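Structure file final_2.cif; described as mmCIF, C-alpha atoms.
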data_upload
loop_
_atom_site.label_atom_id
_atom_site.label_comp_id
_atom_site.auth_asym_id
_atom_site.auth_seq_id
_atom_site.Cartn_x
_atom_site.Cartn_y
_atom_site.Cartn_z
CA MET A 12 16.47 -6.17 -21.66
CA VAL A 13 16.76 -7.87 -18.27
CA SER A 14 15.57 -11.49 -18.11
CA LEU A 15 12.36 -12.20 -16.17
CA PRO A 16 12.84 -14.87 -13.47
CA SER A 17 9.88 -17.02 -12.46
CA ARG A 18 10.70 -16.75 -8.75
CA ILE A 19 11.54 -13.40 -7.16
CA THR A 20 11.65 -11.56 -3.85
CA GLY A 21 9.48 -8.53 -3.14
CA PHE A 22 12.53 -6.32 -3.62
CA ASP A 23 13.25 -7.97 -6.99
CA GLY A 24 9.67 -7.22 -8.00
CA ILE A 25 10.12 -3.56 -7.12
CA GLY A 26 13.32 -3.42 -9.15
CA LEU A 27 11.81 -5.13 -12.20
CA ALA A 28 8.77 -2.84 -12.19
CA ALA A 29 10.76 0.33 -11.58
CA ARG A 30 13.18 -0.55 -14.37
CA GLU A 31 10.38 -1.21 -16.87
CA SER A 32 8.13 1.74 -16.06
CA ASN A 33 10.49 4.67 -15.38
CA ASP A 34 13.10 6.81 -17.07
CA VAL A 35 15.04 7.76 -13.92
CA VAL A 36 15.23 5.86 -10.61
CA ILE A 37 16.71 7.19 -7.38
CA VAL A 38 17.33 4.30 -4.98
CA GLU A 39 18.68 4.21 -1.45
CA ASP A 40 22.12 2.64 -1.26
CA LYS A 41 21.18 0.18 1.48
CA MET A 42 21.58 -3.55 1.95
CA VAL A 43 17.87 -4.46 1.64
CA PHE A 44 17.79 -2.72 -1.75
CA MET A 45 20.85 -4.54 -3.11
CA GLY A 46 18.70 -6.97 -5.12
CA THR A 47 16.67 -4.03 -6.41
CA ILE A 48 19.81 -2.14 -7.41
CA GLY A 49 21.25 -5.21 -9.12
CA ILE A 50 18.18 -5.47 -11.36
CA LEU A 51 18.05 -1.72 -12.04
CA GLU A 52 21.71 -1.60 -13.06
CA ALA A 53 21.71 -4.84 -15.08
CA PRO A 54 23.00 -4.44 -18.65
CA GLY A 55 20.62 -4.39 -21.59
CA GLY A 56 19.09 -0.95 -21.42
CA GLY A 57 17.14 0.58 -18.57
CA PRO A 58 16.54 3.78 -16.65
CA ARG A 59 19.18 6.14 -15.36
CA VAL A 60 19.95 4.93 -11.82
CA ILE A 61 21.10 7.27 -9.04
CA ARG A 62 22.08 6.03 -5.59
CA ALA A 63 21.25 8.12 -2.51
CA GLU A 64 22.76 7.72 0.95
CA THR A 65 21.09 10.48 3.00
CA SER A 66 17.77 12.30 3.03
CA SER A 67 19.58 15.52 2.07
CA ASP A 68 21.10 13.73 -0.93
CA LEU A 69 17.66 12.48 -1.89
CA CYS A 70 16.05 15.93 -1.83
CA PHE A 71 18.90 17.40 -3.86
CA MET A 72 18.69 14.61 -6.44
CA ILE A 73 14.92 14.98 -6.89
CA LYS A 74 15.24 18.73 -7.42
CA ASP A 75 18.16 18.21 -9.80
CA VAL A 76 16.31 15.65 -11.93
CA ILE A 77 13.23 17.88 -12.17
CA LYS A 78 15.33 20.93 -13.02
CA MET A 79 17.42 19.22 -15.72
CA GLN A 80 14.75 17.39 -17.71
CA LYS A 81 13.96 18.67 -21.20
CA LYS A 82 11.02 16.32 -21.82
CA ASP A 83 8.30 14.52 -19.87
CA THR A 84 10.04 12.09 -17.52
CA ARG A 85 8.94 9.27 -15.21
CA LEU A 86 10.90 9.43 -11.95
CA ALA A 87 10.75 6.72 -9.27
CA VAL A 88 12.20 6.97 -5.77
CA LEU A 89 12.87 3.73 -3.83
CA VAL A 90 13.85 4.34 -0.20
CA SER A 91 13.29 3.27 3.40
CA ASP A 92 11.14 5.30 5.79
CA LYS A 93 14.31 6.75 7.36
CA MET A 94 14.85 8.83 4.20
CA ILE A 95 11.46 10.54 3.79
CA LYS A 96 11.32 13.07 6.64
CA LYS A 97 12.11 16.05 4.40
CA LEU A 98 10.11 14.93 1.37
CA PRO A 99 6.60 16.26 2.23
CA ILE A 100 7.88 19.85 2.44
CA LEU A 101 9.83 19.43 -0.79
CA LEU A 102 6.92 17.90 -2.68
CA LYS A 103 4.53 20.59 -1.44
CA GLU A 104 6.95 23.16 -2.85
CA ILE A 105 7.29 21.38 -6.21
CA TYR A 106 3.87 19.78 -6.74
CA GLY A 107 1.65 21.92 -4.52
CA SER A 108 -1.38 23.75 -5.82
CA GLY A 109 -0.47 26.13 -8.60
CA SER A 110 3.26 25.38 -8.39
CA ILE A 111 3.51 23.16 -11.50
CA LYS A 112 4.46 25.22 -14.51
CA SER A 113 3.83 24.43 -18.15
CA GLY A 114 6.50 22.54 -20.08
CA PRO A 115 8.14 19.16 -19.43
CA TYR A 116 6.50 17.31 -16.55
CA VAL A 117 8.34 14.97 -14.22
CA SER A 118 5.92 12.43 -12.74
CA LEU A 119 7.02 11.06 -9.38
CA SER A 120 6.26 7.75 -7.70
CA ILE A 121 7.78 7.02 -4.27
CA THR A 122 8.10 3.45 -3.01
CA ILE A 123 8.83 3.37 0.72
CA GLY A 124 10.03 0.32 2.61
CA ILE A 125 8.89 0.68 6.23
CA GLU A 126 11.02 -1.17 8.76
CA SER A 127 8.00 -1.82 10.96
CA ASN A 128 9.87 -3.56 13.76
CA GLY A 129 11.71 -0.33 14.43
CA VAL A 130 8.76 2.09 14.63
CA PRO A 131 5.95 2.36 17.21
CA ASN A 132 3.31 3.34 14.62
CA LEU A 133 2.84 4.31 11.00
CA ASP A 134 2.33 7.96 11.87
CA ALA A 135 5.90 8.05 13.20
CA THR A 136 7.29 7.19 9.75
CA GLY A 137 5.91 10.32 8.07
CA VAL A 138 3.89 8.36 5.48
CA TYR A 139 0.60 10.00 6.43
CA GLU A 140 2.06 13.46 5.83
CA PHE A 141 1.79 12.70 2.10
CA ALA A 142 -1.91 11.99 2.56
CA ASP A 143 -2.30 15.41 4.19
CA LEU A 144 -1.00 16.86 0.91
CA GLY A 145 -3.71 15.00 -1.01
CA PHE A 146 -1.41 12.45 -2.66
CA PRO A 147 -2.71 8.91 -3.30
CA ILE A 148 -1.28 6.12 -1.14
CA ILE A 149 -1.23 2.41 -2.06
CA SER A 150 0.38 -0.48 -0.22
CA PRO A 151 1.47 -3.98 -1.35
CA SER A 152 1.73 -6.89 1.06
CA THR A 153 2.87 -9.74 -1.22
CA THR A 154 5.71 -10.29 -3.67
CA GLN A 155 3.35 -10.12 -6.66
CA GLU A 156 1.88 -6.88 -5.36
CA CYS A 157 5.35 -5.38 -4.96
CA PHE A 158 5.79 -5.67 -8.73
CA ASP A 159 2.21 -4.68 -9.57
CA TYR A 160 1.98 -1.68 -7.25
CA THR A 161 5.34 -0.24 -8.29
CA GLN A 162 4.03 -0.23 -11.85
CA ILE A 163 0.67 1.15 -10.72
CA ALA A 164 2.36 3.98 -8.81
CA SER A 165 4.30 5.01 -11.92
CA VAL A 166 1.22 4.83 -14.16
CA ALA A 167 -0.91 6.75 -11.63
CA ALA A 168 1.72 9.47 -11.18
CA VAL A 169 1.62 10.14 -14.92
CA ALA A 170 -2.17 9.90 -15.26
CA LEU A 171 -3.01 11.99 -12.19
CA ARG A 172 -0.13 14.47 -12.53
CA MET A 173 0.70 14.25 -8.84
CA PRO A 174 3.10 12.17 -6.73
CA VAL A 175 1.88 8.69 -5.75
CA ILE A 176 3.10 6.96 -2.58
CA ASN A 177 3.59 3.19 -2.50
CA TYR A 178 4.62 1.94 0.97
CA PHE A 179 5.24 -1.62 2.13
CA ASP A 180 6.32 -3.48 5.26
CA ALA A 181 9.97 -4.22 4.55
CA ASP A 182 10.29 -6.42 7.63
CA ASN A 183 7.48 -8.65 6.40
CA LEU A 184 8.84 -9.00 2.85
CA ASN A 185 12.10 -10.81 3.51
CA PHE A 186 14.64 -9.87 0.82
CA GLY A 187 15.98 -13.44 0.83
CA THR A 188 12.70 -15.32 0.27
CA PHE A 189 11.62 -16.12 -3.29
CA TYR A 190 8.07 -16.57 -4.60
CA ARG A 191 6.48 -17.17 -7.99
CA ALA A 192 5.27 -13.98 -9.65
CA ASN A 193 4.12 -12.81 -13.08
CA THR A 194 6.30 -9.86 -14.10
CA SER A 195 5.72 -9.94 -17.85
CA GLU A 196 3.11 -7.22 -18.49
CA PRO A 197 4.47 -3.79 -19.51
CA SER A 198 3.11 -0.75 -17.69
CA LYS A 199 2.14 0.62 -21.12
CA CYS A 200 -0.72 -1.90 -21.20
CA ILE A 201 -2.07 -0.60 -17.88
CA THR A 202 -1.87 2.97 -19.20
CA GLU A 203 -3.74 2.10 -22.39
CA ARG A 204 -6.52 0.31 -20.50
CA TYR A 205 -6.84 3.21 -18.06
CA GLU A 206 -7.12 5.75 -20.88
CA THR A 207 -9.89 3.66 -22.46
CA TYR A 208 -11.78 3.32 -19.16
CA TYR A 209 -11.32 7.04 -18.45
CA LYS A 210 -12.79 8.10 -21.80
CA GLN A 211 -15.75 5.75 -21.28
CA ALA A 212 -16.34 7.10 -17.77
CA ILE A 213 -16.17 10.74 -18.86
CA LYS A 214 -18.66 10.00 -21.65
CA SER A 215 -21.04 8.30 -19.21
CA LYS A 216 -20.81 11.34 -16.90
CA GLY A 217 -21.76 13.70 -19.69
CA GLY A 218 -18.31 15.25 -19.96
CA LEU A 219 -17.92 15.99 -16.23
CA ASP A 220 -14.52 15.26 -14.74
CA MET A 221 -13.95 12.53 -12.18
CA THR A 222 -12.87 12.64 -8.55
CA LEU A 223 -9.46 11.38 -7.48
CA ARG A 224 -11.16 8.38 -5.82
CA GLU A 225 -12.91 7.49 -9.10
CA LYS A 226 -9.68 7.81 -11.08
CA MET A 227 -7.79 5.56 -8.68
CA ASN A 228 -10.56 3.00 -8.97
CA LEU A 229 -10.13 3.00 -12.77
CA ILE A 230 -6.35 2.66 -12.46
CA MET A 231 -6.74 -0.38 -10.20
CA LYS A 232 -9.28 -1.82 -12.62
CA ALA A 233 -6.82 -1.27 -15.49
CA SER A 234 -4.25 -3.34 -13.58
CA TYR A 235 -6.76 -6.21 -13.30
CA ARG A 236 -7.81 -5.29 -9.78
CA THR A 237 -11.60 -5.40 -9.71
CA SER A 238 -11.72 -2.45 -7.35
CA THR A 239 -9.80 -0.39 -4.83
CA VAL A 240 -11.25 -2.90 -2.34
CA ASP A 241 -11.64 -6.70 -2.56
CA TYR A 242 -13.79 -8.90 -0.35
CA GLU A 243 -13.50 -12.67 0.11
CA GLY A 244 -15.71 -14.71 2.35
CA SER A 245 -19.24 -15.30 3.46
CA PRO A 246 -21.94 -12.93 2.16
CA ILE A 247 -23.48 -13.10 5.63
CA ALA A 248 -20.24 -12.76 7.58
CA GLU A 249 -20.43 -11.73 11.21
CA THR A 250 -16.67 -11.16 11.55
CA VAL A 251 -14.74 -9.25 8.88
CA PHE A 252 -10.96 -8.86 8.93
CA VAL A 253 -9.70 -5.62 7.36
CA SER A 254 -6.17 -5.16 6.03
CA ILE A 255 -4.25 -2.90 3.72
CA GLY A 256 -3.22 -5.28 0.95
CA ASP A 257 -3.78 -9.04 0.88
CA TYR A 258 -3.17 -11.06 4.04
CA ASP A 259 -3.20 -14.74 3.13
CA ILE A 260 -5.61 -15.90 5.83
CA PHE A 261 -8.85 -16.50 3.94
CA LYS A 262 -7.79 -20.08 3.15
CA TYR A 263 -8.41 -20.89 6.83
CA LEU A 264 -11.89 -19.35 6.91
CA ASP A 265 -13.84 -21.44 4.41
CA ASN A 266 -17.28 -22.50 5.66
CA THR A 267 -17.22 -19.99 8.51
CA PRO A 268 -19.35 -16.81 8.91
CA THR A 269 -16.24 -14.75 8.26
CA GLY A 270 -14.72 -12.57 5.52
CA CYS A 271 -11.62 -10.58 4.60
CA LEU A 272 -11.75 -7.01 3.27
CA SER A 273 -8.52 -5.98 1.51
CA LEU A 274 -7.86 -2.30 0.78
CA HIS A 275 -5.59 -1.78 -2.22
CA VAL A 276 -5.82 2.01 -2.14
CA PHE A 277 -5.47 3.58 1.31
CA ARG A 278 -5.71 7.25 0.27
CA PRO A 279 -8.07 8.56 -0.86
CA PHE A 280 -9.99 6.26 1.49
CA PRO A 281 -12.29 4.11 -0.73
CA LEU A 282 -15.46 4.75 1.27
CA ASP A 283 -17.99 3.87 -1.43
CA ALA A 284 -16.20 0.62 -2.32
CA VAL A 285 -15.99 -0.42 1.36
CA LEU A 286 -19.70 0.18 1.91
CA LYS A 287 -20.48 -1.75 -1.26
CA LYS A 288 -18.33 -4.78 -0.39
CA ILE A 289 -18.71 -5.21 3.38
CA PRO A 290 -21.66 -7.48 4.34
CA LYS A 291 -24.64 -5.86 6.08
CA SER A 292 -24.59 -8.72 8.57
CA VAL A 293 -21.18 -7.80 10.03
CA LYS A 294 -21.09 -7.57 13.81
CA ARG A 295 -17.34 -7.42 14.41
CA ILE A 296 -14.72 -5.58 12.31
CA VAL A 297 -11.14 -6.62 13.11
CA ILE A 298 -8.46 -4.15 11.95
CA LEU A 299 -5.16 -5.82 10.98
CA ASP A 300 -2.66 -2.96 10.79
CA GLN A 301 0.94 -4.09 11.22
CA VAL A 302 2.31 -0.68 12.11
CA CYS A 303 -0.37 0.61 14.45
CA ASP A 304 0.54 2.26 17.74
CA LEU A 305 1.49 0.03 20.65
CA ASN A 306 1.11 2.90 23.13
CA GLY A 307 -2.65 3.28 23.05
CA ALA A 308 -3.24 5.72 20.18
CA SER A 309 -5.43 4.26 17.44
CA SER A 310 -4.18 3.90 13.88
CA SER A 311 -5.53 5.93 10.99
CA LEU A 312 -7.11 2.79 9.49
CA TYR A 313 -8.98 2.20 12.75
CA ASN A 314 -10.15 5.81 12.78
CA ASN A 315 -11.40 5.49 9.18
CA PHE A 316 -13.59 2.53 10.06
CA LYS A 317 -14.77 4.04 13.33
CA ALA A 318 -15.94 7.10 11.43
CA LEU A 319 -17.58 4.86 8.84
CA VAL A 320 -19.46 2.91 11.52
CA ASP A 321 -20.44 6.05 13.45
CA GLU A 322 -21.83 7.71 10.32
CA TYR A 323 -23.40 4.81 8.43
CA SER A 324 -24.42 2.21 11.03
CA ILE A 325 -27.81 3.83 11.61
CA SER A 326 -28.68 3.65 7.90
CA GLU A 327 -29.43 0.70 5.63
CA ASN A 328 -25.74 -0.29 5.41
CA PHE A 329 -25.69 -2.57 8.49
CA ASP A 330 -28.21 -4.82 10.22
CA ASN A 331 -26.69 -3.94 13.59
CA VAL A 332 -24.10 -1.45 14.79
CA PRO A 333 -20.78 -3.31 14.34
CA TYR A 334 -18.01 -2.92 16.89
CA ILE A 335 -14.35 -2.55 15.95
CA VAL A 336 -11.45 -4.58 17.30
CA GLU A 337 -8.00 -3.17 16.66
CA LEU A 338 -5.17 -5.70 16.56
CA GLU A 339 -1.74 -4.57 17.70
CA SER A 340 1.54 -6.46 17.58
CA SER A 341 5.26 -5.84 17.87
CA TYR A 342 5.73 -8.93 15.67
CA SER A 343 4.79 -9.17 11.99
CA ILE A 344 1.03 -9.78 11.82
CA PRO A 345 0.97 -11.37 8.32
CA ILE A 346 3.85 -13.71 9.15
CA ILE A 347 2.29 -14.87 12.43
CA LEU A 348 -1.22 -15.31 11.04
CA SER A 349 0.09 -17.36 8.12
CA HIS A 350 0.78 -20.21 10.59
CA PRO A 351 -2.45 -22.17 11.32
CA PRO A 352 -1.77 -22.91 15.03
CA TYR A 353 -1.22 -19.23 15.76
CA PHE A 354 -4.12 -18.14 13.59
CA TRP A 355 -6.67 -20.46 15.20
CA LYS A 356 -5.62 -19.47 18.70
CA PHE A 357 -6.05 -15.83 17.65
CA PHE A 358 -9.37 -16.62 15.95
CA SER A 359 -10.70 -18.41 19.04
CA HIS A 360 -9.84 -15.35 21.14
CA ILE A 361 -11.59 -13.02 18.67
CA ALA A 362 -14.77 -15.10 18.79
CA LYS A 363 -15.13 -14.35 22.52
CA ILE A 364 -14.99 -10.56 22.09
CA HIS A 365 -18.33 -8.77 22.09
CA SER A 366 -17.36 -5.10 22.35
CA ALA A 367 -14.99 -2.57 20.81
CA CYS A 368 -11.44 -2.96 22.11
CA GLU A 369 -7.72 -3.08 21.36
CA ILE A 370 -5.89 -6.41 21.66
CA ARG A 371 -2.23 -7.42 21.47
CA LEU A 372 -1.51 -10.40 19.22
CA ASP A 373 1.78 -11.23 20.94
CA LYS A 374 0.02 -11.24 24.34
CA ILE A 375 -2.72 -13.59 23.09
CA LEU A 376 -0.13 -16.03 21.77
CA GLY A 377 2.15 -15.74 24.81
CA PHE A 378 5.10 -14.32 22.90
CA PRO A 379 7.77 -12.51 24.95
CA GLU A 380 8.32 -8.79 24.60
CA LYS A 381 10.78 -8.16 21.80
CA ASP A 382 12.91 -5.96 24.02
CA ASP A 383 13.25 -8.85 26.50
CA ILE A 384 14.64 -11.32 23.96
CA GLU A 385 18.37 -11.98 24.35
CA TYR A 386 20.21 -12.75 21.12
#
Step by step, read the file and then write its structure as structure tokens.
Amino acid sequence: MVSLPSRITGFDGIGLAARESNDVVIVEDKMVFMGTIGILEAPGGGPRVIRAETSSDLCFMIKDVIKMQKKDTRLAVLVSDKMIKKLPILLKEIYGSGSIKSGPYVSLSITIGIESNGVPNLDATGVYEFADLGFPIISPSTTQECFDYTQIASVAAVALRMPVINYFDADNLNFGTFYRANTSEPSKCITERYETYYKQAIKSKGGLDMTLREKMNLIMKASYRTSTVDYEGSPIAETVFVSIGDYDIFKYLDNTPTGCLSLHVFRPFPLDAVLKKIPKSVKRIVILDQVCDLNGASSSLYNNFKALVDEYSISENFDNVPYIVELESSYSIPIILSHPPYFWKFFSHIAKIHSACEIRLDKILGFPEKDDIEY
């Protein structure tokens, strides 16, 4: 058994969780995953570890593992976004409707490190193609969440009998920065709690099955998340910041008419939870999406909230029709906003906006274009 350090990087957290909660792990043989690989291959018992170098290798290895297993197996794939282009077609072939045969089942969780500084938008990475196939998508943004969500993805893949996608911003989670994290709970405990909650929910529904959204909500609850969505801030907030995962900015917003809405499950979109948590008083919704398009096309998260506002703003959900501000940046949004001087300059700019728009964080702060920086 590998020892559990008190301070880890996000990549260490992924390795610790993948080692504990899977039977086979395919990991990209790449520098940022070296810490992950070191933990996975540490002596003391652990999963079978396979290193992949190309996307073709990855597809072959997944098919080979599924073909060779004689019993139910938990398979995790840990790769960068450069390796996933061929996966949606492969997974549709293997896990698509009616394609899963009886016998040993190989559950599949895929953790994807997106190198956000190298892509113009999330759509360009291919992550949303998994959503088009109906697969759940979750996304950590902190070191603790990297451990938690890798476990959750494995548990969900087994419980839901479909692949689960767990993507994170690899450029935000520096592989050389260590943070305190609790990595002691086995994934078996999450599974047992989920099974208990599931039986209770089925009983309360009179034996009727649950939707995928309801099942994901129970899985998050079983991992000590109160919901697929968390809200911190004023109950009468006029400005609400929305992010996928936890951005550590609420500490600056105490005693202001402001709140932070954190989505822990991105697909299926947690509509009911969002409507339940977001204050009716909101006038301005600010979308913090690190990998949104810098060329004018709106991100999927923005489109989700625009549809929500368009459909529900005329009902009892909001006091007034809120407008949406989409934040764009070629620099890491969570890293920049974690610095008070930058955050308050950004916040002061936001307070002057009174209509829907797109804004560039680096322009507000006077940062140079990344392409213009000479190293």
A:Ser254 surroundings by only C-alpha atoms, 12 Å radius, close-in-sequence under 5 positions cut, as a PyMOL selection string: chain A and resi 150-152+240-242+259-261+270-277+285+296-303+312-313+316+337-338+344-345
Residue neighbourhood stretch 169-182 of chain A, 6 Å, all atoms listed in the file, exclusion window fewer than 5 positions, as a PyMOL selection string: chain A and resi 118-126+146-151+164
Minimum-distance residue to A:Ser292, chosen among A:Gly145, A:Pro246, A:Pro379, A:Pro279 (using all atoms listed in the file):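 Once distances to A:Ser292 are computed over all atoms listed in the file, the minimum belongs to A:Pro246.
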Residues returned when the PyMOL selection byres ((chain A and resi 138) around 10) runs on this file, as a list in words: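 What the PyMOL selection byres ((chain A and resi 138) around 10) grabs from the file is Asp92, Ile95, Lys96, Leu98, Pro99, Ile123, Ile125, Leu133, Asp134, Ala135, Thr136, Gly137, Tyr139, Glu140, Phe141, Ala142, Asp143, Ile148, Ile176, Asn177 and Tyr178 of chain A.
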Shell around stretch 75-85 of chain A at 10 Å using all atoms listed in the file, local window under 6 positions removed, as a list in words: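 Result of the neighbour search: Ala29, Ser32, Asn33, Asp34, Val35, Val36, Ile37, Pro58, Leu69, Ile105, Gly114, Pro115, Tyr116, Val117, Ser118, Leu119, Ser120, Ser165, Val166, Ala168 and Val169 of chain A.
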For A:Glu243: contacts at 12 Å, all atoms listed in the file, fewer than 4 positions along chain excluded, given as a VMD selection string: chain A and resid 247 to 248 250 to 253 257 to 274 288 to 290
